[in-house]
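Asks: Sharing data-v5.tsv (TSV, C-alpha atoms) below.
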```
chain	number	residue	atom	x	y	z
A	16	MET	CA	-59.06	174.77	75.43
A	17	GLU	CA	-56.94	175.64	72.38
A	18	LYS	CA	-56.15	172.58	70.30
A	19	LYS	CA	-52.96	171.90	68.36
A	20	PHE	CA	-52.86	173.54	64.95
A	21	LYS	CA	-53.44	171.09	62.11
A	22	CYS	CA	-52.34	171.79	58.59
A	23	LYS	CA	-53.46	169.19	56.07
A	24	ILE	CA	-53.53	170.36	52.48
A	25	ASN	CA	-55.08	168.56	49.53
A	26	PRO	CA	-52.14	167.70	47.20
A	27	VAL	CA	-54.11	169.31	44.38
A	28	TYR	CA	-53.40	172.64	46.10
A	29	SER	CA	-49.74	171.98	46.89
A	30	SER	CA	-48.55	174.45	44.24
A	31	VAL	CA	-50.73	177.17	45.75
A	32	TYR	CA	-50.07	176.53	49.44
A	33	SER	CA	-46.77	175.64	51.04
A	34	TYR	CA	-45.60	176.15	54.60
A	35	ASN	CA	-42.69	175.76	56.94
A	36	ARG	CA	-43.58	173.49	59.84
A	37	ASP	CA	-40.80	174.94	61.99
A	38	LYS	CA	-42.26	178.40	61.48
A	39	ILE	CA	-45.68	177.19	62.60
A	40	ASN	CA	-44.23	175.71	65.75
A	41	SER	CA	-42.32	178.90	66.50
A	42	LEU	CA	-45.36	181.17	66.43
A	43	SER	CA	-46.16	182.30	69.95
A	44	LYS	CA	-49.45	183.60	71.26
A	45	LYS	CA	-47.67	186.81	72.25
A	46	TYR	CA	-46.51	187.42	68.69
A	47	LEU	CA	-49.90	186.60	67.17
A	48	LYS	CA	-51.74	188.82	69.65
A	49	SER	CA	-49.43	191.72	68.90
A	50	LYS	CA	-49.86	191.41	65.12
A	51	TYR	CA	-53.56	190.66	64.74
A	52	LYS	CA	-56.52	192.60	66.12
A	53	LEU	CA	-59.77	190.71	66.67
A	54	ARG	CA	-63.19	192.31	66.45
A	55	ILE	CA	-66.25	190.19	67.17
A	56	ILE	CA	-69.75	190.62	65.78
A	57	TYR	CA	-72.43	188.53	67.51
A	58	PHE	CA	-76.01	188.55	66.27
A	59	ILE	CA	-79.07	187.33	68.18
A	60	ASN	CA	-82.80	187.68	67.66
A	61	CYS	CA	-83.98	187.78	71.25
A	62	LEU	CA	-87.64	187.74	70.24
A	63	LEU	CA	-87.41	184.11	69.15
A	64	ASN	CA	-86.87	182.56	72.57
A	65	PRO	CA	-87.68	183.79	76.10
A	66	ASN	CA	-84.43	182.24	77.31
A	67	TYR	CA	-82.34	184.21	74.81
A	68	PHE	CA	-79.91	185.33	77.50
A	69	GLU	CA	-78.60	181.77	77.85
A	70	TRP	CA	-77.22	182.11	74.32
A	71	ILE	CA	-75.63	185.45	75.10
A	72	GLU	CA	-74.04	184.16	78.31
A	73	PHE	CA	-72.55	181.17	76.49
A	74	ALA	CA	-71.18	183.37	73.71
A	75	ILE	CA	-69.47	185.70	76.17
A	76	LYS	CA	-68.02	182.79	78.11
A	77	LYS	CA	-66.52	181.36	74.93
A	78	ILE	CA	-64.92	184.54	73.59
A	79	LYS	CA	-63.60	186.14	76.76
A	80	TYR	CA	-60.21	184.43	76.37
A	81	THR	CA	-59.54	185.74	72.86
A	82	ASP	CA	-58.23	189.19	73.84
A	83	TYR	CA	-60.61	190.82	71.41
A	84	LYS	CA	-60.32	194.52	70.67
A	85	LYS	CA	-64.07	195.11	70.34
A	86	LEU	CA	-67.20	193.02	70.84
A	87	THR	CA	-70.36	194.17	69.09
A	88	ILE	CA	-73.64	192.57	70.12
A	89	CYS	CA	-76.31	193.08	67.48
A	90	ALA	CA	-79.69	192.17	68.94
A	91	THR	CA	-83.26	192.20	67.70
A	92	VAL	CA	-85.24	193.28	70.76
A	93	ASN	CA	-88.17	195.09	72.28
A	94	ASP	CA	-87.76	197.84	74.91
A	95	LYS	CA	-87.98	195.43	77.84
A	96	ILE	CA	-85.30	193.13	76.44
A	97	LYS	CA	-83.06	196.05	75.51
A	98	ASN	CA	-83.19	197.42	79.04
A	99	PHE	CA	-82.47	193.99	80.52
A	100	ILE	CA	-79.41	193.45	78.30
A	101	LEU	CA	-78.04	196.89	79.13
A	102	GLU	CA	-78.62	196.26	82.82
A	103	LYS	CA	-76.68	192.99	82.66
A	104	LEU	CA	-73.97	193.89	80.16
A	105	GLY	CA	-73.95	197.64	79.78
A	106	ASN	CA	-70.54	197.96	81.43
A	107	TYR	CA	-69.00	194.84	79.89
A	108	LYS	CA	-65.48	195.47	78.62
A	109	ASN	CA	-64.96	196.86	75.10
A	110	THR	CA	-68.55	196.14	74.12
A	111	LYS	CA	-70.82	197.99	71.73
A	112	PHE	CA	-74.56	197.34	71.35
A	113	VAL	CA	-76.57	197.65	68.16
A	114	PHE	CA	-80.30	197.18	68.76
A	115	ASN	CA	-82.95	196.52	66.16
A	116	TYR	CA	-86.72	196.29	66.67
A	117	LEU	CA	-87.73	194.51	63.45
A	118	ASN	CA	-87.14	190.94	62.35
A	119	GLU	CA	-84.70	191.45	59.50
A	120	HIS	CA	-83.01	188.05	59.84
A	121	GLU	CA	-79.23	188.47	60.08
A	122	TYR	CA	-79.16	191.78	58.23
A	123	PRO	CA	-78.28	193.90	61.32
A	124	GLY	CA	-75.29	191.68	62.13
A	125	ILE	CA	-74.02	191.40	58.56
A	126	ARG	CA	-74.50	195.13	58.03
A	127	GLU	CA	-72.43	195.90	61.13
A	128	LEU	CA	-69.74	193.44	60.01
A	129	TYR	CA	-69.59	195.15	56.62
A	130	ARG	CA	-69.40	198.62	58.17
A	131	GLN	CA	-66.55	197.69	60.48
A	132	GLY	CA	-64.76	195.87	57.66
A	133	LYS	CA	-64.78	199.04	55.58
A	134	LYS	CA	-63.05	200.87	58.41
A	135	HIS	CA	-60.67	198.14	59.61
A	136	ASN	CA	-59.58	196.75	56.26
A	137	ASN	CA	-56.03	195.48	56.71
A	138	ASN	CA	-55.08	191.82	56.42
A	139	SER	CA	-54.14	191.90	60.11
A	140	ASP	CA	-57.65	193.01	61.06
A	141	ILE	CA	-59.55	189.82	61.92
A	142	PHE	CA	-63.30	189.57	62.42
A	143	LEU	CA	-65.24	186.77	64.06
A	144	TYR	CA	-68.89	186.67	63.06
A	145	PHE	CA	-71.36	184.27	64.64
A	146	HIS	CA	-74.95	184.20	65.74
A	147	ALA	CA	-77.32	182.50	68.18
A	148	LYS	CA	-77.47	179.19	66.34
A	149	GLY	CA	-80.12	176.84	67.67
A	150	ILE	CA	-82.23	179.49	69.38
A	151	THR	CA	-85.34	178.24	67.56
A	152	HIS	CA	-84.47	174.55	67.97
A	153	ARG	CA	-84.58	174.21	71.75
A	154	LYS	CA	-86.01	176.13	74.68
A	155	HIS	CA	-82.68	176.08	76.56
A	156	PHE	CA	-79.18	176.39	75.16
A	157	LYS	CA	-77.88	173.37	77.08
A	158	ASP	CA	-80.35	171.14	75.23
A	159	LEU	CA	-78.68	171.77	71.86
A	160	LYS	CA	-76.16	169.00	72.53
A	161	TYR	CA	-79.00	166.47	72.47
A	162	ILE	CA	-80.16	167.36	68.97
A	163	ARG	CA	-79.71	164.47	66.63
A	164	ARG	CA	-77.79	166.59	64.16
A	165	LYS	CA	-75.10	167.57	66.64
A	166	ARG	CA	-73.41	170.00	64.28
A	167	ILE	CA	-75.77	172.67	65.63
A	168	TYR	CA	-73.96	172.41	68.96
A	169	LEU	CA	-70.52	171.46	67.63
A	170	ILE	CA	-70.38	174.55	65.43
A	171	TYR	CA	-69.64	176.54	68.58
A	172	SER	CA	-66.32	174.71	68.85
A	173	ILE	CA	-64.84	177.14	66.31
A	174	LEU	CA	-64.90	179.77	69.06
A	175	ASN	CA	-62.18	177.79	70.85
A	176	LYS	CA	-59.80	177.91	67.90
A	177	TYR	CA	-58.74	181.53	67.81
A	178	TYR	CA	-54.98	180.93	67.91
A	179	CYS	CA	-55.26	178.14	65.35
A	180	VAL	CA	-57.05	180.66	63.15
A	181	LEU	CA	-54.28	183.24	63.62
A	182	LYS	CA	-51.67	180.64	62.69
A	183	ALA	CA	-53.57	179.83	59.50
A	184	PHE	CA	-53.77	183.52	58.60
A	185	GLU	CA	-50.08	184.00	59.40
A	186	ILE	CA	-48.80	180.98	57.46
A	187	PHE	CA	-51.10	181.22	54.42
A	188	LYS	CA	-51.34	184.73	53.03
A	189	ASN	CA	-54.04	183.60	50.55
A	190	ILE	CA	-56.32	182.36	53.30
A	191	GLU	CA	-59.06	184.93	53.80
A	192	LYS	CA	-61.60	182.89	55.81
A	193	CYS	CA	-61.42	180.28	58.55
A	194	VAL	CA	-64.67	178.38	58.80
A	195	TYR	CA	-66.26	175.36	60.43
A	196	SER	CA	-66.81	173.83	57.00
A	197	THR	CA	-67.15	175.11	53.47
A	198	GLU	CA	-68.16	173.97	50.00
A	199	ASP	CA	-66.93	174.71	46.51
A	200	GLY	CA	-70.25	175.66	44.92
A	201	LYS	CA	-70.31	172.58	42.70
A	202	TYR	CA	-73.80	171.45	43.67
A	203	GLU	CA	-77.22	173.02	43.29
A	204	ASN	CA	-75.79	176.24	41.77
A	205	ARG	CA	-74.55	177.43	45.14
A	206	GLU	CA	-71.86	180.06	45.41
A	207	GLY	CA	-68.55	178.53	46.45
A	208	GLY	CA	-66.80	179.35	49.70
A	209	ILE	CA	-69.89	179.28	51.89
A	210	ALA	CA	-69.16	179.29	55.61
A	211	TRP	CA	-71.73	176.70	56.60
A	212	LEU	CA	-73.93	177.84	59.48
A	213	ASN	CA	-72.46	181.37	59.22
A	214	PHE	CA	-69.77	181.01	61.86
A	215	PHE	CA	-66.49	182.35	60.49
A	216	TYR	CA	-63.29	184.32	60.98
A	217	VAL	CA	-62.44	186.64	58.10
A	218	ARG	CA	-59.80	189.22	57.24
A	219	GLY	CA	-60.81	192.87	57.14
A	220	ASN	CA	-59.32	193.37	53.69
A	221	TYR	CA	-61.53	190.56	52.36
A	222	LEU	CA	-64.67	192.18	53.78
A	223	ASN	CA	-63.69	195.32	51.95
A	224	LYS	CA	-64.09	193.42	48.65
A	225	LEU	CA	-67.66	192.30	49.31
A	226	GLU	CA	-70.86	193.88	48.08
A	227	THR	CA	-72.91	196.09	50.36
A	228	PRO	CA	-75.35	193.74	52.15
A	229	LYS	CA	-78.94	193.98	51.03
A	230	LYS	CA	-82.03	194.03	53.21
A	231	THR	CA	-84.12	191.09	52.03
A	232	SER	CA	-86.76	188.66	53.27
A	233	ASP	CA	-84.59	185.83	51.91
A	234	ARG	CA	-82.72	184.80	55.06
A	235	TYR	CA	-80.40	182.53	53.07
A	236	TYR	CA	-78.90	185.57	51.37
A	237	TYR	CA	-77.07	186.35	54.61
A	238	GLU	CA	-75.48	182.89	54.63
A	239	LEU	CA	-74.29	183.47	51.06
A	240	TRP	CA	-73.15	187.05	51.57
A	241	LEU	CA	-69.60	186.03	52.48
A	242	THR	CA	-69.19	184.84	48.87
A	243	LYS	CA	-70.56	188.02	47.29
A	244	LYS	CA	-67.34	189.57	46.09
A	245	LYS	CA	-67.37	192.59	43.87
A	246	ASN	CA	-65.64	192.31	40.51
A	247	VAL	CA	-62.21	191.45	41.91
A	248	ARG	CA	-59.87	188.76	40.59
A	249	TYR	CA	-56.86	187.31	42.35
A	250	GLY	CA	-54.86	184.13	42.05
A	251	ASN	CA	-53.73	182.24	38.95
A	252	TYR	CA	-55.59	178.98	39.31
A	253	LYS	CA	-59.03	177.56	38.71
A	254	ILE	CA	-60.76	174.22	38.99
A	255	LEU	CA	-60.71	172.26	35.74
A	256	SER	CA	-64.43	172.42	34.95
A	257	LYS	CA	-66.72	175.22	33.90
A	258	LYS	CA	-69.41	173.89	36.22
A	259	CYS	CA	-67.14	174.22	39.23
A	260	ASP	CA	-64.94	177.10	38.14
A	261	LYS	CA	-65.17	178.49	41.65
A	262	PHE	CA	-61.55	178.39	42.73
A	263	ILE	CA	-61.47	182.16	43.00
A	264	TRP	CA	-63.96	181.69	45.85
A	265	VAL	CA	-62.90	178.51	47.58
A	266	SER	CA	-59.10	178.71	47.50
A	267	ASP	CA	-59.19	181.13	50.40
A	268	CYS	CA	-60.90	178.88	52.99
A	269	TYR	CA	-59.37	176.97	55.88
A	270	SER	CA	-61.86	174.50	57.39
A	271	PHE	CA	-61.99	172.74	60.74
A	272	ASN	CA	-64.78	170.23	60.05
A	273	ILE	CA	-62.86	167.83	57.81
A	274	ALA	CA	-62.39	164.20	56.87
A	275	ARG	CA	-58.82	164.66	55.58
A	276	TYR	CA	-57.85	168.17	54.51
A	277	ASN	CA	-58.08	171.60	56.11
A	278	ILE	CA	-57.56	173.20	52.69
A	279	GLY	CA	-59.10	171.79	49.54
A	280	GLU	CA	-61.87	169.66	51.00
A	281	PHE	CA	-65.53	170.59	51.07
A	282	TRP	CA	-68.66	169.42	52.80
A	283	HIS	CA	-72.18	169.14	51.47
A	284	PRO	CA	-74.51	168.93	54.48
A	285	SER	CA	-77.71	168.00	52.66
A	286	LYS	CA	-75.86	165.19	50.89
A	287	GLY	CA	-73.89	164.35	54.01
A	288	TYR	CA	-70.41	163.78	52.63
A	289	TYR	CA	-67.01	165.37	52.04
A	290	PHE	CA	-65.59	165.85	48.58
A	291	GLU	CA	-62.59	167.45	46.95
A	292	PRO	CA	-61.50	168.73	43.53
A	293	LYS	CA	-59.30	166.31	41.63
A	294	LYS	CA	-57.61	168.61	39.14
A	295	LEU	CA	-56.32	172.12	39.11
A	296	LYS	CA	-54.62	173.97	36.30
A	297	LYS	CA	-53.12	177.35	35.58
A	298	LYS	CA	-55.47	179.82	34.02
```
Give the structure from the file, written as structure tokens.

Replies:
Amino acid sequence: MEKKFKCKINPVYSSVYSYNRDKINSLSKKYLKSKYKLRIIYFINCLLNPNYFEWIEFAIKKIKYTDYKKLTICATVNDKIKNFILEKLGNYKNTKFVFNYLNEHEYPGIRELYRQGKKHNNNSDIFLYFHAKGITHRKHFKDLKYIRRKRIYLIYSILNKYYCVLKAFEIFKNIEKCVYSTEDGKYENREGGIAWLNFFYVRGNYLNKLETPKKTSDRYYYELWLTKKKNVRYGNYKILSKKCDKFIWVSDCYSFNIARYNIGEFWHPSKGYYFEPKKLKKK
């Protein structure tokens, strides 16, 4: 069920982001649906779990209310699995299948996202990318909720927030990504603006600024790819520290997994806490 849109902004970012609450409340689903076009890319490696179809069924159940324009299922398969999927879903509405026979991590899904982003590259073109999270953690999908680190299951909650996402994109023109949680790149030399767990909504025009995805054995590259912008600058602000001069990356994220702020608060999962920049200055 769609939850009420929340808009909590770190005061540090108040000069960058402002909004009219009455305008937010006036935005109807009809208007948002008419303006924005959603395309969904779902990636699954079916070879990792014999019960892979439980993940696919759950994904379809979650997204069927979003009025998407196109669903693309990118699946790593063998011939038997491919035939089974086509038998079950071959006639599913507005669905395209991209099959791959080699374990290339998330490369097939990210590559398809990039290709579609090059074609549908307006700021009103919205993409949802997600994958079969937890498929190696439990034999059955339903058992994910019992994992001690429940974020593996809770991450799927972002699929319920489509109209909240559209409101964020409509109100904040600088917002390029809506994510479960993000970080600013301050720690461990990470790139800022990571969409933790690789579940995210993103504008088509942002995808058009990213580098061509590489085929690599480093599976973490595909979790960082969303930050891999080509040499493009925008915005007039940066964080006041050379070590965390990542504002060009992180100022464009709206997060749902928060302690206080949807914009301007970041999460470090290995350290287990939320943090936020304290100062911002004009460049």

Asks: Per residue of stretch 124-215 of chain A within 12 Å of stretch 84-88 of chain A, which atom pair is closest and at what distance in Å (one decimal), using all atoms listed in the file, listed by chain and increasing number, as a Markdown table?

Replies:
```
| residue | atom | partner | partner_atom | distance |
| --- | --- | --- | --- | --- |
| A:Gly124 | CA | A:Ile88 | CA | 8.2 |
| A:Ile125 | CA | A:Thr87 | CA | 11.5 |
| A:Arg126 | CA | A:Thr87 | CA | 11.8 |
| A:Glu127 | CA | A:Thr87 | CA | 8.4 |
| A:Leu128 | CA | A:Thr87 | CA | 9.1 |
| A:Arg130 | CA | A:Thr87 | CA | 11.8 |
| A:Gln131 | CA | A:Thr87 | CA | 10.1 |
| A:His135 | CA | A:Lys84 | CA | 11.6 |
| A:Asp140 | CA | A:Lys84 | CA | 10.1 |
| A:Ile141 | CA | A:Lys84 | CA | 10.0 |
| A:Phe142 | CA | A:Lys85 | CA | 9.7 |
| A:Leu143 | CA | A:Leu86 | CA | 9.4 |
| A:Tyr144 | CA | A:Thr87 | CA | 9.7 |
| A:Phe145 | CA | A:Ile88 | CA | 10.2 |
| A:His146 | CA | A:Ile88 | CA | 9.5 |
| A:Ala147 | CA | A:Ile88 | CA | 10.9 |
```

Asks: Go ahead and save the picked residues with C-alpha atoms, as a short mmCIF file (atom, residue, chain, number, x, y, z; two decimals), in the coordinates of the input.

Replies:
```cif
data_model
loop_
_atom_site.label_atom_id
_atom_site.label_comp_id
_atom_site.auth_asym_id
_atom_site.auth_seq_id
_atom_site.Cartn_x
_atom_site.Cartn_y
_atom_site.Cartn_z
CA GLY A 124 -75.29 191.68 62.13
CA ILE A 125 -74.02 191.40 58.56
CA ARG A 126 -74.50 195.13 58.03
CA GLU A 127 -72.43 195.90 61.13
CA LEU A 128 -69.74 193.44 60.01
CA ARG A 130 -69.40 198.62 58.17
CA GLN A 131 -66.55 197.69 60.48
CA HIS A 135 -60.67 198.14 59.61
CA ASP A 140 -57.65 193.01 61.06
CA ILE A 141 -59.55 189.82 61.92
CA PHE A 142 -63.30 189.57 62.42
CA LEU A 143 -65.24 186.77 64.06
CA TYR A 144 -68.89 186.67 63.06
CA PHE A 145 -71.36 184.27 64.64
CA HIS A 146 -74.95 184.20 65.74
CA ALA A 147 -77.32 182.50 68.18
#
```

Asks: What's around stretch 188-191 of chain A at 7 Å? Count all atoms listed in the file, leave out sequence neighbours fewer than 6 positions away in its own chain, and write the answer as a PyMOL selection string.

Replies: chain A and resi 217-218+221+267-269

Asks: Restricting the output to C-alpha atoms, write the selected residues as a tab-separated table (two decimals), keeping the file's coordinate frame.

Replies:
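Written file, result_15.tsv:
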```tsv
chain	number	residue	atom	x	y	z
A	217	VAL	CA	-62.44	186.64	58.10
A	218	ARG	CA	-59.80	189.22	57.24
A	221	TYR	CA	-61.53	190.56	52.36
A	267	ASP	CA	-59.19	181.13	50.40
A	268	CYS	CA	-60.90	178.88	52.99
A	269	TYR	CA	-59.37	176.97	55.88
```

Asks: Tell me which of A:Tyr116, A:Lys97, A:Tyr83, A:Trp282 sits closest to A:Ser49, counting only C-alpha atoms.

Replies: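 That would be A:Tyr83, the residue with the smallest distance to A:Ser49.
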
Asks: Please list as a ChimeraX atom specification every residue within 10 Å of stretch 156-162 of chain A, counting only C-alpha atoms and excluding residues in the same chain fewer than 3 positions away.

Replies: /A:66-73,147-153,165-169

Asks: Excluding A:Trp240 and any residue of its chain fewer than 2 positions from it, enumerate the residues within 9 Å of it, using all atoms listed in the file, and give them as a ChimeraX atom specification.

Replies: /A:125,209,225-226,228,235-238,242-244

Asks: Given all atoms listed in the file as the basis, pick out the residue of A:Leu42, A:Ile24, A:Leu47, A:Leu241 nearest to A:Asp82.

Replies: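 Among A:Leu42, A:Ile24, A:Leu47, A:Leu241, it is A:Leu47 that comes nearest to A:Asp82.
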
Asks: One number please: atom CA of A:Asn136 to atom CA of A:Ser33, in Å, one decimal.

Replies: 25.2 Å

Asks: Could you jot down the atom CA of A:Val180 to atom CA of A:Tyr216 separation for me, Å, one decimal place?

Replies: 7.6 Å

Asks: Would you mind telling me which residue in A:Lys76, A:Lys103, A:Lys224, A:Lys52 lies nearest to A:Lys133 when using only C-alpha atoms?

Replies: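 Nearest candidate to A:Lys133 out of A:Lys76, A:Lys103, A:Lys224, A:Lys52: A:Lys224.
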
Asks: Rounded to one decimal, what separation in Å do you get between atom CA of A:Cys89 and atom CA of A:Glu102?

Replies: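 Distance reported for this atom pair: 15.8 Å.
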
Asks: Using all atoms listed in the file, which residue out of A:Asp233, A:Ser29, A:Lys79, A:Trp211 lies closest to A:Asn118?

Replies: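 Using all atoms listed in the file, A:Asn118 sits closest to A:Asp233.
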
Asks: Would you give the centre and edge lengths, in Å to one decimal, of a box along x, y and z around the listed atoms of stretch 80-87 of chain A, with 4 Å added to each side, as JSON?

Replies:
```
{"center_x": -64.3, "center_y": 189.8, "center_z": 72.7, "size_x": 20.1, "size_y": 18.7, "size_z": 15.3}
```

Asks: Taking the partial coordinates given, rebuild stretch 45-74 of chain A to contain N, CA and C atoms; return it as a JSON list (two decimals), keeping the file's coordinate frame.

Replies:
```json
[["chain", "number", "residue", "atom", "x", "y", "z"],
["A", 45, "LYS", "N", -48.04, 185.41, 72.05],
["A", 45, "LYS", "CA", -47.67, 186.81, 72.25],
["A", 45, "LYS", "C", -47.46, 187.50, 70.91],
["A", 46, "TYR", "N", -46.76, 186.83, 70.01],
["A", 46, "TYR", "CA", -46.51, 187.42, 68.69],
["A", 46, "TYR", "C", -47.82, 187.58, 67.91],
["A", 47, "LEU", "N", -48.65, 186.55, 67.92],
["A", 47, "LEU", "CA", -49.90, 186.60, 67.17],
["A", 47, "LEU", "C", -50.83, 187.67, 67.71],
["A", 48, "LYS", "N", -50.89, 187.80, 69.03],
["A", 48, "LYS", "CA", -51.74, 188.82, 69.65],
["A", 48, "LYS", "C", -51.28, 190.22, 69.31],
["A", 49, "SER", "N", -49.96, 190.38, 69.19],
["A", 49, "SER", "CA", -49.43, 191.72, 68.90],
["A", 49, "SER", "C", -49.65, 192.11, 67.43],
["A", 50, "LYS", "N", -49.73, 191.12, 66.55],
["A", 50, "LYS", "CA", -49.86, 191.41, 65.12],
["A", 50, "LYS", "C", -51.30, 191.55, 64.68],
["A", 51, "TYR", "N", -52.18, 190.71, 65.22],
["A", 51, "TYR", "CA", -53.56, 190.66, 64.74],
["A", 51, "TYR", "C", -54.51, 191.27, 65.77],
["A", 52, "LYS", "N", -55.50, 191.98, 65.28],
["A", 52, "LYS", "CA", -56.52, 192.60, 66.12],
["A", 52, "LYS", "C", -57.87, 191.96, 65.82],
["A", 53, "LEU", "N", -58.50, 191.42, 66.84],
["A", 53, "LEU", "CA", -59.77, 190.71, 66.67],
["A", 53, "LEU", "C", -60.94, 191.60, 67.06],
["A", 54, "ARG", "N", -61.91, 191.65, 66.17],
["A", 54, "ARG", "CA", -63.19, 192.31, 66.45],
["A", 54, "ARG", "C", -64.28, 191.27, 66.24],
["A", 55, "ILE", "N", -65.22, 191.24, 67.17],
["A", 55, "ILE", "CA", -66.25, 190.19, 67.17],
["A", 55, "ILE", "C", -67.62, 190.82, 66.95],
["A", 56, "ILE", "N", -68.36, 190.23, 66.03],
["A", 56, "ILE", "CA", -69.75, 190.62, 65.78],
["A", 56, "ILE", "C", -70.63, 189.42, 66.14],
["A", 57, "TYR", "N", -71.52, 189.60, 67.09],
["A", 57, "TYR", "CA", -72.43, 188.53, 67.51],
["A", 57, "TYR", "C", -73.86, 189.00, 67.28],
["A", 58, "PHE", "N", -74.63, 188.19, 66.55],
["A", 58, "PHE", "CA", -76.01, 188.55, 66.27],
["A", 58, "PHE", "C", -76.97, 187.58, 66.97],
["A", 59, "ILE", "N", -78.04, 188.14, 67.54],
["A", 59, "ILE", "CA", -79.07, 187.33, 68.18],
["A", 59, "ILE", "C", -80.43, 188.00, 68.02],
["A", 60, "ASN", "N", -81.42, 187.21, 67.66],
["A", 60, "ASN", "CA", -82.80, 187.68, 67.66],
["A", 60, "ASN", "C", -83.44, 187.22, 68.96],
["A", 61, "CYS", "N", -83.50, 188.12, 69.91],
["A", 61, "CYS", "CA", -83.98, 187.78, 71.25],
["A", 61, "CYS", "C", -85.48, 187.51, 71.29],
["A", 62, "LEU", "N", -86.19, 187.91, 70.26],
["A", 62, "LEU", "CA", -87.64, 187.74, 70.24],
["A", 62, "LEU", "C", -88.05, 186.30, 69.94],
["A", 63, "LEU", "N", -87.10, 185.48, 69.56],
["A", 63, "LEU", "CA", -87.41, 184.11, 69.15],
["A", 63, "LEU", "C", -87.48, 183.12, 70.31],
["A", 64, "ASN", "N", -86.95, 183.51, 71.47],
["A", 64, "ASN", "CA", -86.87, 182.56, 72.57],
["A", 64, "ASN", "C", -86.81, 183.35, 73.89],
["A", 65, "PRO", "N", -87.70, 183.06, 74.83],
["A", 65, "PRO", "CA", -87.68, 183.79, 76.10],
["A", 65, "PRO", "C", -86.41, 183.58, 76.91],
["A", 66, "ASN", "N", -85.68, 182.52, 76.61],
["A", 66, "ASN", "CA", -84.43, 182.24, 77.31],
["A", 66, "ASN", "C", -83.21, 182.69, 76.51],
["A", 67, "TYR", "N", -83.38, 183.71, 75.70],
["A", 67, "TYR", "CA", -82.34, 184.21, 74.81],
["A", 67, "TYR", "C", -81.03, 184.50, 75.55],
["A", 68, "PHE", "N", -81.12, 184.92, 76.81],
["A", 68, "PHE", "CA", -79.91, 185.33, 77.50],
["A", 68, "PHE", "C", -78.96, 184.16, 77.76],
["A", 69, "GLU", "N", -79.46, 182.94, 77.73],
["A", 69, "GLU", "CA", -78.60, 181.77, 77.85],
["A", 69, "GLU", "C", -77.62, 181.71, 76.68],
["A", 70, "TRP", "N", -78.08, 182.08, 75.50],
["A", 70, "TRP", "CA", -77.22, 182.11, 74.32],
["A", 70, "TRP", "C", -76.17, 183.19, 74.45],
["A", 71, "ILE", "N", -76.57, 184.34, 74.94],
["A", 71, "ILE", "CA", -75.63, 185.45, 75.10],
["A", 71, "ILE", "C", -74.57, 185.10, 76.13],
["A", 72, "GLU", "N", -74.98, 184.53, 77.25],
["A", 72, "GLU", "CA", -74.04, 184.16, 78.31],
["A", 72, "GLU", "C", -73.01, 183.15, 77.79],
["A", 73, "PHE", "N", -73.47, 182.17, 77.03],
["A", 73, "PHE", "CA", -72.55, 181.17, 76.49],
["A", 73, "PHE", "C", -71.56, 181.82, 75.53],
["A", 74, "ALA", "N", -72.05, 182.70, 74.68],
["A", 74, "ALA", "CA", -71.18, 183.37, 73.71],
["A", 74, "ALA", "C", -70.08, 184.15, 74.42]]
```
